[in-house]
Structure formats: structure tokens, C-alpha cells
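**Q** Dropping in entry-v2.txt, which is compact mmCIF, C-alpha atoms and all ligand atoms:
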```
# COMPACT_ATOMS: atom_id res chain seq x y z
CA MET T 1 0.00 0.00 0.00
CA THR T 2 1.39 3.39 -0.99
CA THR T 3 1.15 6.16 1.60
CA LEU T 4 -0.79 8.70 -0.48
CA ALA T 5 -3.01 6.31 -2.47
CA GLY T 6 -6.02 8.09 -3.96
CA LYS T 7 -5.21 11.47 -2.36
CA THR T 8 -5.57 14.63 -4.43
CA ALA T 9 -2.64 17.01 -4.00
CA LEU T 10 -1.82 20.50 -5.20
CA ILE T 11 1.88 21.43 -5.24
CA THR T 12 2.86 25.05 -5.95
CA GLY T 13 6.18 25.86 -7.57
CA ALA T 14 6.07 22.29 -8.85
CA ALA T 15 8.03 23.15 -12.00
CA GLY T 16 11.07 24.01 -9.84
CA ASP T 17 13.71 21.67 -8.44
CA ILE T 18 12.20 20.79 -5.06
CA GLY T 19 8.58 21.02 -6.28
CA ALA T 20 9.28 18.58 -9.13
CA ALA T 21 10.97 16.15 -6.72
CA ILE T 22 7.87 16.30 -4.48
CA ALA T 23 5.57 15.75 -7.48
CA ARG T 24 7.58 12.70 -8.58
CA ARG T 25 7.46 11.17 -5.08
CA PHE T 26 3.73 11.91 -4.70
CA VAL T 27 2.99 10.09 -7.95
CA LYS T 28 5.06 7.09 -6.75
CA GLU T 29 3.05 7.14 -3.50
CA GLY T 30 -0.23 6.94 -5.43
CA ALA T 31 -1.44 10.56 -5.36
CA ILE T 32 -3.22 12.53 -8.06
CA VAL T 33 -1.11 15.67 -8.46
CA CYS T 34 -1.95 19.15 -9.68
CA ILE T 35 1.39 20.60 -10.80
CA ALA T 36 0.94 24.34 -10.25
CA ASP T 37 3.41 27.04 -11.30
CA ILE T 38 3.78 30.29 -13.23
CA ASN T 39 6.36 28.52 -15.40
CA GLN T 40 4.04 26.95 -17.95
CA ASP T 41 6.70 25.35 -20.15
CA ASP T 42 8.43 23.40 -17.37
CA GLY T 43 5.13 22.66 -15.58
CA ASN T 44 3.54 21.22 -18.71
CA ALA T 45 6.71 19.25 -19.49
CA LEU T 46 6.68 17.66 -16.01
CA ALA T 47 2.98 16.80 -16.29
CA GLY T 48 3.74 15.24 -19.70
CA GLU T 49 6.57 13.18 -18.19
CA LEU T 50 4.56 11.98 -15.16
CA GLY T 51 1.42 11.30 -17.19
CA GLU T 52 -2.15 10.43 -16.20
CA PRO T 53 -2.17 11.03 -12.40
CA THR T 54 -0.95 14.60 -12.94
CA PHE T 55 -2.18 17.74 -14.63
CA PHE T 56 -0.75 21.24 -14.94
CA ALA T 57 -2.43 24.41 -13.61
CA SER T 58 -1.11 27.88 -14.34
CA LEU T 59 -1.18 29.46 -10.87
CA ASP T 60 0.46 32.69 -9.78
CA VAL T 61 0.47 32.14 -6.02
CA THR T 62 0.43 35.88 -5.30
CA LYS T 63 -2.98 36.29 -7.02
CA GLU T 64 -6.17 35.58 -5.09
CA ASP T 65 -8.19 35.08 -8.29
CA ASP T 66 -5.73 32.45 -9.51
CA TRP T 67 -6.19 30.52 -6.27
CA ARG T 68 -9.98 30.71 -6.66
CA MET T 69 -9.81 29.41 -10.21
CA THR T 70 -7.35 26.62 -9.42
CA MET T 71 -9.46 25.38 -6.48
CA ALA T 72 -12.60 25.43 -8.63
CA THR T 73 -10.87 23.46 -11.41
CA LEU T 74 -9.51 20.94 -8.92
CA LEU T 75 -12.86 20.40 -7.22
CA SER T 76 -14.69 20.01 -10.51
CA ARG T 77 -12.18 17.34 -11.63
CA HIS T 78 -11.58 15.49 -8.35
CA GLN T 79 -14.23 16.61 -5.77
CA SER T 80 -11.68 17.16 -2.99
CA LEU T 81 -8.32 18.62 -2.08
CA ASP T 82 -6.53 16.35 0.40
CA ILE T 83 -3.04 17.89 0.39
CA LEU T 84 -1.71 21.37 -0.35
CA VAL T 85 2.06 21.91 -0.52
CA ASN T 86 2.84 25.63 -0.49
CA ASN T 87 6.30 25.24 -2.03
CA ALA T 88 6.61 28.15 -4.52
CA GLY T 89 9.19 30.69 -3.47
CA THR T 90 11.93 33.00 -4.55
CA LEU T 91 15.30 34.12 -3.21
CA GLU T 92 17.01 37.46 -3.81
CA THR T 93 19.97 38.46 -1.69
CA GLY T 94 20.42 41.81 0.05
CA THR T 95 21.40 43.12 3.48
CA ILE T 96 19.55 45.74 5.54
CA GLU T 97 21.58 48.37 3.66
CA ASP T 98 20.97 47.25 0.09
CA THR T 99 17.45 45.80 0.13
CA ASP T 100 15.03 48.31 -1.37
CA LEU T 101 11.31 48.46 -0.66
CA ALA T 102 10.37 46.94 -4.02
CA MET T 103 12.58 43.87 -3.41
CA TRP T 104 11.28 43.51 0.16
CA GLN T 105 7.65 43.64 -0.98
CA SER T 106 8.15 41.32 -3.92
CA ILE T 107 9.79 38.64 -1.73
CA GLN T 108 7.14 38.92 0.99
CA SER T 109 4.48 38.61 -1.70
CA THR T 110 5.92 35.52 -3.45
CA ASN T 111 6.92 33.70 -0.26
CA ALA T 112 4.70 34.81 2.65
CA THR T 113 1.54 36.38 1.17
CA SER T 114 1.27 33.44 -1.24
CA THR T 115 1.38 30.98 1.66
CA PHE T 116 -1.35 32.96 3.46
CA LEU T 117 -3.52 32.87 0.30
CA GLY T 118 -2.84 29.15 -0.19
CA CYS T 119 -3.68 28.27 3.42
CA GLN T 120 -6.86 30.34 3.27
CA ALA T 121 -8.02 28.75 0.02
CA ALA T 122 -7.19 25.26 1.33
CA VAL T 123 -8.93 25.69 4.69
CA ARG T 124 -12.07 26.99 2.98
CA THR T 125 -12.07 24.00 0.64
CA MET T 126 -10.91 21.24 2.99
CA LYS T 127 -13.32 22.06 5.82
CA GLN T 128 -16.18 21.35 3.40
CA THR T 129 -14.76 18.07 2.16
CA GLY T 130 -13.85 16.43 5.48
CA GLY T 131 -10.33 17.74 6.14
CA GLY T 132 -6.82 17.54 4.73
CA VAL T 133 -3.18 18.39 5.19
CA ILE T 134 -1.22 21.56 4.45
CA VAL T 135 2.58 21.51 4.20
CA ASN T 136 4.35 24.87 4.00
CA MET T 137 7.93 25.38 2.80
CA ALA T 138 10.02 27.68 4.99
CA SER T 139 13.80 27.52 5.36
CA GLN T 140 16.56 27.23 7.89
CA ALA T 141 16.85 30.98 7.25
CA ALA T 142 13.70 31.47 9.35
CA VAL T 143 15.64 30.64 12.51
CA ARG T 144 19.28 31.00 11.40
CA PRO T 145 19.26 34.05 9.09
CA ARG T 146 22.36 35.33 7.32
CA PRO T 147 22.94 39.07 6.87
CA SER T 148 22.65 38.76 3.08
CA THR T 149 19.18 37.17 3.05
CA LEU T 150 17.27 39.82 4.97
CA ALA T 151 13.96 39.84 3.08
CA TYR T 152 13.99 36.10 2.33
CA ALA T 153 14.65 35.14 5.98
CA ALA T 154 11.88 37.45 7.21
CA SER T 155 9.41 35.96 4.71
CA LYS T 156 10.30 32.43 5.83
CA ALA T 157 9.92 33.35 9.52
CA ALA T 158 6.44 34.64 8.66
CA ILE T 159 5.60 31.26 7.10
CA VAL T 160 6.65 29.43 10.30
CA ASN T 161 4.43 31.65 12.43
CA LEU T 162 1.54 31.44 9.96
CA THR T 163 1.77 27.64 10.04
CA LYS T 164 1.26 27.59 13.82
CA THR T 165 -1.76 29.92 13.78
CA VAL T 166 -3.41 28.00 10.94
CA ALA T 167 -2.75 24.71 12.77
CA SER T 168 -4.25 26.05 16.04
CA HIS T 169 -7.30 27.51 14.32
CA CYS T 170 -8.06 24.28 12.46
CA ALA T 171 -7.56 22.18 15.60
CA ASP T 172 -9.76 24.50 17.72
CA ASN T 173 -12.52 24.23 15.14
CA LYS T 174 -12.13 20.46 14.69
CA TYR T 175 -11.74 20.82 10.93
CA ASN T 176 -9.52 17.70 10.67
CA ILE T 177 -6.92 19.86 8.89
CA ARG T 178 -3.26 19.58 9.91
CA CYS T 179 -0.73 22.25 8.98
CA ASN T 180 3.05 21.77 9.33
CA VAL T 181 6.16 23.41 7.96
CA VAL T 182 9.40 22.02 6.49
CA MET T 183 12.59 23.98 7.11
CA PRO T 184 15.27 22.90 4.63
CA GLY T 185 18.91 23.80 4.98
CA ALA T 186 20.91 24.43 1.81
CA ILE T 187 19.63 22.11 -0.92
CA ASP T 188 21.64 21.40 -4.06
CA THR T 189 19.40 23.23 -6.55
CA GLN T 190 19.77 26.28 -8.81
CA MET T 191 18.34 28.54 -6.07
CA ILE T 192 21.23 28.00 -3.68
CA TYR T 193 23.69 29.44 -6.20
CA LYS T 194 22.04 32.86 -5.82
CA ASN T 195 24.09 33.07 -2.60
CA GLN T 196 27.35 32.79 -4.57
CA VAL T 197 29.36 36.00 -4.36
CA GLU T 198 30.98 37.61 -7.40
CA GLY T 199 34.28 36.01 -8.35
CA GLU T 200 33.67 32.89 -6.19
CA SER T 201 34.14 29.64 -8.15
CA ASP T 202 31.44 26.94 -8.02
CA ASP T 203 33.84 24.59 -6.21
CA ALA T 204 34.77 27.17 -3.57
CA PHE T 205 31.10 28.06 -3.06
CA VAL T 206 30.01 24.44 -2.64
CA GLU T 207 32.90 23.71 -0.26
CA ALA T 208 32.01 26.74 1.90
CA VAL T 209 28.31 25.80 2.03
CA ASN T 210 29.06 22.13 2.81
CA ALA T 211 31.36 23.19 5.65
CA ARG T 212 28.44 24.92 7.41
CA TYR T 213 26.64 21.59 7.92
CA PRO T 214 27.51 19.01 10.59
CA LEU T 215 26.65 16.26 8.08
CA GLY T 216 29.23 17.82 5.76
CA ARG T 217 27.08 18.47 2.70
CA MET T 218 24.04 20.15 1.21
CA GLY T 219 20.79 18.21 1.00
CA THR T 220 19.04 16.95 -2.12
CA ALA T 221 15.59 17.86 -3.43
CA ASP T 222 14.53 14.24 -2.89
CA GLU T 223 15.46 14.44 0.81
CA ILE T 224 13.03 17.35 1.14
CA ALA T 225 10.41 15.39 -0.81
CA SER T 226 10.72 12.54 1.74
CA ALA T 227 9.86 14.93 4.58
CA VAL T 228 6.90 16.32 2.63
CA VAL T 229 5.56 12.82 1.91
CA PHE T 230 5.80 12.00 5.62
CA LEU T 231 3.99 15.20 6.69
CA SER T 232 1.33 14.64 4.01
CA SER T 233 0.60 11.07 5.05
CA ASP T 234 -1.17 9.48 8.00
CA GLU T 235 2.27 8.51 9.35
CA SER T 236 2.40 12.04 10.81
CA ARG T 237 -1.23 12.09 12.00
CA PHE T 238 -0.35 13.34 15.52
CA MET T 239 1.64 16.30 14.14
CA THR T 240 0.26 19.77 13.57
CA GLY T 241 1.91 23.18 13.92
CA ALA T 242 5.29 21.40 13.80
CA GLN T 243 8.52 22.70 12.28
CA LEU T 244 10.40 19.86 10.63
CA ARG T 245 14.05 20.83 10.18
CA VAL T 246 15.68 18.95 7.31
CA ASP T 247 19.04 20.65 7.37
CA GLY T 248 21.92 18.24 7.96
CA GLY T 249 22.21 19.55 11.49
CA GLY T 250 22.61 23.16 10.34
CA THR T 251 20.45 24.48 13.18
CA ILE T 252 21.85 22.38 16.02
N1 LIG K 301 17.04 25.33 -2.68
C1 LIG K 301 17.29 25.55 -1.38
O1 LIG K 301 18.45 25.48 -0.92
C2 LIG K 301 16.16 25.86 -0.44
C3 LIG K 301 16.44 25.93 0.94
C4 LIG K 301 15.41 26.24 1.82
C5 LIG K 301 14.14 26.46 1.33
N2 LIG K 301 13.88 26.38 0.00
C6 LIG K 301 12.53 26.65 -0.46
O2 LIG K 301 12.04 25.57 -1.24
C7 LIG K 301 11.10 26.05 -2.21
C8 LIG K 301 11.48 25.54 -3.60
O3 LIG K 301 12.79 25.98 -3.92
P1 LIG K 301 13.63 25.45 -5.17
O4 LIG K 301 15.04 25.32 -4.73
O5 LIG K 301 12.95 24.28 -5.80
O6 LIG K 301 13.57 26.74 -6.12
P2 LIG K 301 13.18 26.84 -7.66
O7 LIG K 301 13.51 28.25 -8.05
O8 LIG K 301 13.78 25.72 -8.45
O9 LIG K 301 11.60 26.63 -7.65
C9 LIG K 301 10.70 27.63 -7.28
C10 LIG K 301 9.48 27.49 -8.16
O10 LIG K 301 8.51 28.45 -7.71
C11 LIG K 301 7.91 29.01 -8.86
N3 LIG K 301 7.36 30.32 -8.57
C12 LIG K 301 8.02 31.47 -8.27
N4 LIG K 301 7.15 32.48 -8.13
C13 LIG K 301 5.91 31.95 -8.31
C14 LIG K 301 4.60 32.49 -8.31
N5 LIG K 301 4.37 33.79 -8.07
N6 LIG K 301 3.56 31.67 -8.54
C15 LIG K 301 3.76 30.34 -8.77
N7 LIG K 301 4.98 29.78 -8.82
C16 LIG K 301 6.03 30.58 -8.59
C17 LIG K 301 9.03 29.09 -9.90
O11 LIG K 301 8.53 29.22 -11.23
C18 LIG K 301 9.77 27.79 -9.64
O12 LIG K 301 9.25 26.75 -10.46
C19 LIG K 301 11.12 27.58 -2.09
O13 LIG K 301 10.05 28.00 -1.27
C20 LIG K 301 12.43 27.85 -1.39
O14 LIG K 301 12.45 29.07 -0.68
C21 LIG K 301 14.87 26.09 -0.91
```
Now, as a test, write the supplied structure out as C-alpha cells.

**A**
Amino acid sequence: MTTLAGKTALITGAAGDIGAAIARRFVKEGAIVCIADINQDDGNALAGELGEPTFFASLDVTKEDDWRMTMATLLSRHQSLDILVNNAGTLETGTIEDTDLAMWQSIQSTNATSTFLGCQAAVRTMKQTGGGVIVNMASQAAVRPRPSTLAYAASKAAIVNLTKTVASHCADNKYNIRCNVVMPGAIDTQMIYKNQVEGESDDAFVEAVNARYPLGRMGTADEIASAVVFLSSDESRFMTGAQLRVDGGGTI
């Protein structure tokens, strides 16, 4: 028996590195997966590769109307939403001195406001269809910020806090909706290279990042997918409002 057999899942940012790894694992675990992203080319290509149990939805997670339309499409096709993974996100670097208001607002919008909109849409839908699970994607940066990721770290801290309030509200109201957050350390994807400083070689960058982790290396997208499968399945049924750190010991 697969752990997500027959569950309907929506994964945002599913055309990206970690989102695609989650989508692949969800399909292996028996889920029906809505691959949602603003990147239509890569999203459609992934849905084409994974076939029948998946379909692509063009969803800009910062737009309330897009959420409404995606939920309506999903319900008309599959009658329920069992799992929402709020994975879409963006990283721009900047310290307190060189982050301008536009960058700050754009990062809060793509990372934090989007997670608020996703949780709201999911709670409204899931409470009518008997419950479900929400998994949010924060970062180690939420609790161990670096000076150069000011706006990103603040947006991820907001996601951690939001997760706890959503979890409490759903538990208080007996909605049968759990909400947890994954906090990855550095993961070997394209995004991590945005932290590379000018003139630094790839090898020197990777060596410096690896050295920050007690386990001696960055993680892989599939290692994050494993945590998301666990939090999405009944194996984690006594967990809500939890922060799952998947960071090679980076926050010890
Ligand atoms: N890579 C890491 O080291 C790392 C570490 C900690 C946390 N994370 C988090 O994991 C998540 C996935 O990261 P990734 O490494 O796969 O990055 P990625 O850039 O490969 O994927 C991000 C995806 O989000 C999509 N996206 C961006 N803005 C969007 C919007 N407005 N609407 C819909 N989709 C949008 C992009 O098109 C892309 O497909 C992010 O939330 C990121 O902050 C990543």
C-alpha cells in the first residue's frame, strides 16, 4: 500500500527543483497531483513526463483570483483537495543596507503572502470536504538568518508563524486539517547558487556551504520530498503546527 493512495494534492512551484521532486514522489506514492506554477513550459513538461495522475495548472500564487480558479478546477475534476504543498518561493539576496522596498515587498508577496492565500483557500475548501493536510515550505533561514538574506529570511519566519496559527485555528474548530512546515537547509538546486558572491568559483562556493553543515554536505531535493511525503501522510497524523528541520544539522 502506498502512503498517499487516492489522495488529491496541489503542489505550488512544482516546476522548480524541489517542487518537481515532491511531485515525482507523490505520484510514486499513489497521489493525483496538480502541478501548479507560473512557469508553464516546465510545468507542462513535467505533467507530460509523469502522465495520467498529474495535470498542470497555471497558478500565480500571489494572485487571489488564480487561487480561486485553481481550487474550482480541482474540485470540478476530483471533488476534494486532500493535500496542499505551499512550495513556490523565490530568493534574492540583500542586506539591511541594500534591500530596497520593491525587493522587500516582492519577496514577501511571493513567499509569505502566497502561503497565506494558499492556506486560506485550502482551509475553505478542505473544511467542506472532510479535512486535509497543508505543508508549507520555509527555510533554515527562518531561525538562522544570514545578513545577506534579509527579506527572504523574514518571509520564511512569517511562514513558520503562519503555520502555527493555521494549525491552532483548524484544531480549535475540529476541521480535521493539519498544517506543518518544512525547514530545509541548503539544498543542491539552482536557487542555492544565488548566494554565490561575485568572483567565487562553483567549487569554492560548494565547499564553503558544505562546511556549514555538521553532516558535511548540502541536501538533495529528494530528501526534502521525503519529509513532505511524511507530513502529508497518516504517518504524521499526531503532528500539527510542527517545524520539521531537514538541514543536515545546520540548526543544532
Ligand atoms: N534550494 C534551497 O536550498 C532551499 C532551501 C530552503 C528552502 N527552500 C525553499 O524551497 C522552495 C522551492 O525551492 P527550489 O530550490 O525548488 O527553487 P526553484 O527556483 O527551483 O523553484 C521555485 C518554483 O517556484 C515558482 N514560482 C516562483 N514564483 C511563483 C509564483 N508567483 N507563482 C507560482 N509559482 C512561482 C518558480 O517558477 C519555480 O518553479 C522555495 O520555497 C524555497 O524558498 C529552498

**Q** Please list as a list in words every residue within 9 Å of stretch 208-218 of chain T, counting all atoms listed in the file and excluding residues in the same chain fewer than 5 positions away.

**A**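 Using all atoms listed in the file, the neighbours found are Gly185, Ala186, Ile187, Asp188, Asp203, Asp247, Gly248, Gly249, Gly250, Thr251 and Ile252 of chain T.
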
**Q** Up to 12 Å from (4.5, 28.3, -1.6) in the file's coordinates: name the residues, counting only C-alpha atoms, as number ranges by chain.

**A** T: 10-14, 16, 18-19, 36-38, 59-62, 67, 84-90, 107-119, 134-139, 155-156, 159, 163, 181-182

**Q** May I have the residues from that selection written out with C-alpha atoms, as a PDB file, in the coordinates of the input?

**A**
```
ATOM      1  CA  LEU T  10      -1.820  20.500  -5.200  1.00  0.00           C
ATOM      2  CA  ILE T  11       1.880  21.430  -5.240  1.00  0.00           C
ATOM      3  CA  THR T  12       2.860  25.050  -5.950  1.00  0.00           C
ATOM      4  CA  GLY T  13       6.180  25.860  -7.570  1.00  0.00           C
ATOM      5  CA  ALA T  14       6.070  22.290  -8.850  1.00  0.00           C
ATOM      6  CA  GLY T  16      11.070  24.010  -9.840  1.00  0.00           C
ATOM      7  CA  ILE T  18      12.200  20.790  -5.060  1.00  0.00           C
ATOM      8  CA  GLY T  19       8.580  21.020  -6.280  1.00  0.00           C
ATOM      9  CA  ALA T  36       0.940  24.340 -10.250  1.00  0.00           C
ATOM     10  CA  ASP T  37       3.410  27.040 -11.300  1.00  0.00           C
ATOM     11  CA  ILE T  38       3.780  30.290 -13.230  1.00  0.00           C
ATOM     12  CA  LEU T  59      -1.180  29.460 -10.870  1.00  0.00           C
ATOM     13  CA  ASP T  60       0.460  32.690  -9.780  1.00  0.00           C
ATOM     14  CA  VAL T  61       0.470  32.140  -6.020  1.00  0.00           C
ATOM     15  CA  THR T  62       0.430  35.880  -5.300  1.00  0.00           C
ATOM     16  CA  TRP T  67      -6.190  30.520  -6.270  1.00  0.00           C
ATOM     17  CA  LEU T  84      -1.710  21.370  -0.350  1.00  0.00           C
ATOM     18  CA  VAL T  85       2.060  21.910  -0.520  1.00  0.00           C
ATOM     19  CA  ASN T  86       2.840  25.630  -0.490  1.00  0.00           C
ATOM     20  CA  ASN T  87       6.300  25.240  -2.030  1.00  0.00           C
ATOM     21  CA  ALA T  88       6.610  28.150  -4.520  1.00  0.00           C
ATOM     22  CA  GLY T  89       9.190  30.690  -3.470  1.00  0.00           C
ATOM     23  CA  THR T  90      11.930  33.000  -4.550  1.00  0.00           C
ATOM     24  CA  ILE T 107       9.790  38.640  -1.730  1.00  0.00           C
ATOM     25  CA  GLN T 108       7.140  38.920   0.990  1.00  0.00           C
ATOM     26  CA  SER T 109       4.480  38.610  -1.700  1.00  0.00           C
ATOM     27  CA  THR T 110       5.920  35.520  -3.450  1.00  0.00           C
ATOM     28  CA  ASN T 111       6.920  33.700  -0.260  1.00  0.00           C
ATOM     29  CA  ALA T 112       4.700  34.810   2.650  1.00  0.00           C
ATOM     30  CA  THR T 113       1.540  36.380   1.170  1.00  0.00           C
ATOM     31  CA  SER T 114       1.270  33.440  -1.240  1.00  0.00           C
ATOM     32  CA  THR T 115       1.380  30.980   1.660  1.00  0.00           C
ATOM     33  CA  PHE T 116      -1.350  32.960   3.460  1.00  0.00           C
ATOM     34  CA  LEU T 117      -3.520  32.870   0.300  1.00  0.00           C
ATOM     35  CA  GLY T 118      -2.840  29.150  -0.190  1.00  0.00           C
ATOM     36  CA  CYS T 119      -3.680  28.270   3.420  1.00  0.00           C
ATOM     37  CA  ILE T 134      -1.220  21.560   4.450  1.00  0.00           C
ATOM     38  CA  VAL T 135       2.580  21.510   4.200  1.00  0.00           C
ATOM     39  CA  ASN T 136       4.350  24.870   4.000  1.00  0.00           C
ATOM     40  CA  MET T 137       7.930  25.380   2.800  1.00  0.00           C
ATOM     41  CA  ALA T 138      10.020  27.680   4.990  1.00  0.00           C
ATOM     42  CA  SER T 139      13.800  27.520   5.360  1.00  0.00           C
ATOM     43  CA  SER T 155       9.410  35.960   4.710  1.00  0.00           C
ATOM     44  CA  LYS T 156      10.300  32.430   5.830  1.00  0.00           C
ATOM     45  CA  ILE T 159       5.600  31.260   7.100  1.00  0.00           C
ATOM     46  CA  THR T 163       1.770  27.640  10.040  1.00  0.00           C
ATOM     47  CA  VAL T 181       6.160  23.410   7.960  1.00  0.00           C
ATOM     48  CA  VAL T 182       9.400  22.020   6.490  1.00  0.00           C
TER      49      VAL T 182
END
```

**Q** Find the spatial neighbours of T:Arg237, counting only C-alpha atoms, within a cut-off of 10 Å - ignore same-chain residues fewer than 5 positions away - and output them as a PyMOL selection string.

**A** chain T and resi 133+178+230-232

**Q** Which residue out of T:Thr165, T:Thr220, T:Thr129, T:Thr54 has the minimum interatomic distance to ligand LIG 301 (chain K) when only C-alpha atoms and all ligand atoms are used?

**A**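 With only C-alpha atoms and all ligand atoms as the atom set, the closest residue is T:Thr220.
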
**Q** Might you pull out every residue within 9 Å of T:Thr3, with all atoms listed in the file counted and same-chain residues fewer than 3 positions away left off, and present them as a list in words?

**A** Phe26, Glu29, Gly30, Ala31, Val229, Phe230, Ser232, Ser233, Asp234 and Glu235 of chain T

**Q** Would you save the residues from that selection as a PDB file, keeping the file's coordinate frame, using C-alpha atoms?

**A**
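So result_12.pdb came out as:
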```
ATOM      1  CA  PHE T  26       3.730  11.910  -4.700  1.00  0.00           C
ATOM      2  CA  GLU T  29       3.050   7.140  -3.500  1.00  0.00           C
ATOM      3  CA  GLY T  30      -0.230   6.940  -5.430  1.00  0.00           C
ATOM      4  CA  ALA T  31      -1.440  10.560  -5.360  1.00  0.00           C
ATOM      5  CA  VAL T 229       5.560  12.820   1.910  1.00  0.00           C
ATOM      6  CA  PHE T 230       5.800  12.000   5.620  1.00  0.00           C
ATOM      7  CA  SER T 232       1.330  14.640   4.010  1.00  0.00           C
ATOM      8  CA  SER T 233       0.600  11.070   5.050  1.00  0.00           C
ATOM      9  CA  ASP T 234      -1.170   9.480   8.000  1.00  0.00           C
ATOM     10  CA  GLU T 235       2.270   8.510   9.350  1.00  0.00           C
TER      11      GLU T 235
END
```

**Q** Rounded to one decimal in Å, what is the spacing between atom CA of T:Val166 and atom CA of T:Val123?

**A**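 Here the two named atoms are 8.7 Å from each other.
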
**Q** What's around T:Pro147 at 8 Å? Count all atoms listed in the file, leave out sequence neighbours fewer than 4 positions away in its own chain, and write the answer as JSON, numbers by chain.

**A** {"T": [94, 95, 96]}

**Q** Which distance in Å separates atom CA of T:Ile224 and atom O13 of ligand LIG 301 (chain K), to one decimal?

**A**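 Result for atom CA of T:Ile224 versus atom O13 of ligand LIG 301 (chain K): 11.3 Å, one decimal.
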
**Q** Work out how far atom CA of T:Ala21 is from atom CA of T:Asp222, in Å to one decimal.

**A**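 One can read the atom CA of T:Asp222 to atom CA of T:Ala21 distance as 5.6 Å.
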
**Q** Pick from T:Leu74, T:Ala158, T:Met239, T:Ala9: nearest to T:Asn176, with all atoms listed in the file counted?

**A**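 Distance minimum relative to T:Asn176 lands on T:Met239.
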
**Q** Smallest atom-to-atom distance to ligand LIG 301 (chain K): which of T:Thr99, T:Thr125, T:Asn195, T:Asn173, using all atoms listed in the file?

**A**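 Of all the options, T:Asn195 lies closest to ligand LIG 301 (chain K).
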
**Q** Find, counting all atoms listed in the file, the residue in T:Leu91, T:Leu150, T:Ile177, T:Leu244 that gets nearest to T:Tyr193.

**A**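 When distances to T:Tyr193 are compared using all atoms listed in the file, the smallest one comes from T:Leu91.
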
**Q** Would you please work out which residue, of T:His169, T:Lys28, T:Arg68, T:Lys7, is nearest to T:Gly132 when using only C-alpha atoms?

**A**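 The shortest atom-to-atom distance to T:Gly132 comes from T:Lys7.
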
**Q** Rebuild stretch 30-49 of chain T so that it carries N, CA and C atoms, then output the result as a short mmCIF file (atom, residue, chain, number, x, y, z; two decimals), keeping the file's coordinate frame.

**A**
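Saved to part_13.cif:
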```cif
data_model
loop_
_atom_site.label_atom_id
_atom_site.label_comp_id
_atom_site.auth_asym_id
_atom_site.auth_seq_id
_atom_site.Cartn_x
_atom_site.Cartn_y
_atom_site.Cartn_z
N GLY T 30 1.17 7.20 -5.04
CA GLY T 30 -0.23 6.94 -5.43
C GLY T 30 -1.15 8.15 -5.48
N ALA T 31 -0.58 9.37 -5.36
CA ALA T 31 -1.44 10.56 -5.36
C ALA T 31 -1.78 11.04 -6.77
N ILE T 32 -2.88 11.78 -6.84
CA ILE T 32 -3.22 12.53 -8.06
C ILE T 32 -2.66 13.93 -7.81
N VAL T 33 -1.87 14.45 -8.75
CA VAL T 33 -1.11 15.67 -8.46
C VAL T 33 -1.41 16.79 -9.44
N CYS T 34 -1.83 17.93 -8.88
CA CYS T 34 -1.95 19.15 -9.68
C CYS T 34 -0.61 19.88 -9.59
N ILE T 35 0.08 19.94 -10.72
CA ILE T 35 1.39 20.60 -10.80
C ILE T 35 1.12 22.07 -11.10
N ALA T 36 1.30 22.93 -10.08
CA ALA T 36 0.94 24.34 -10.25
C ALA T 36 2.19 25.22 -10.26
N ASP T 37 2.23 26.16 -11.21
CA ASP T 37 3.41 27.04 -11.30
C ASP T 37 3.07 28.20 -12.25
N ILE T 38 3.89 29.26 -12.19
CA ILE T 38 3.78 30.29 -13.23
C ILE T 38 4.60 29.90 -14.45
N ASN T 39 5.51 28.97 -14.29
CA ASN T 39 6.36 28.52 -15.40
C ASN T 39 5.61 27.43 -16.18
N GLN T 40 4.92 27.87 -17.23
CA GLN T 40 4.04 26.95 -17.95
C GLN T 40 4.82 25.90 -18.73
N ASP T 41 5.95 26.30 -19.32
CA ASP T 41 6.70 25.35 -20.15
C ASP T 41 7.19 24.17 -19.31
N ASP T 42 7.89 24.48 -18.20
CA ASP T 42 8.43 23.40 -17.37
C ASP T 42 7.33 22.62 -16.66
N GLY T 43 6.25 23.34 -16.26
CA GLY T 43 5.13 22.66 -15.58
C GLY T 43 4.45 21.68 -16.50
N ASN T 44 4.18 22.12 -17.74
CA ASN T 44 3.54 21.22 -18.71
C ASN T 44 4.45 20.05 -19.06
N ALA T 45 5.76 20.32 -19.15
CA ALA T 45 6.71 19.25 -19.49
C ALA T 45 6.71 18.19 -18.38
N LEU T 46 6.68 18.62 -17.12
CA LEU T 46 6.68 17.66 -16.01
C LEU T 46 5.39 16.84 -16.01
N ALA T 47 4.26 17.53 -16.24
CA ALA T 47 2.98 16.80 -16.29
C ALA T 47 3.00 15.78 -17.43
N GLY T 48 3.62 16.17 -18.56
CA GLY T 48 3.74 15.24 -19.70
C GLY T 48 4.57 14.03 -19.32
N GLU T 49 5.67 14.28 -18.60
CA GLU T 49 6.57 13.18 -18.19
C GLU T 49 5.88 12.24 -17.19
#
```
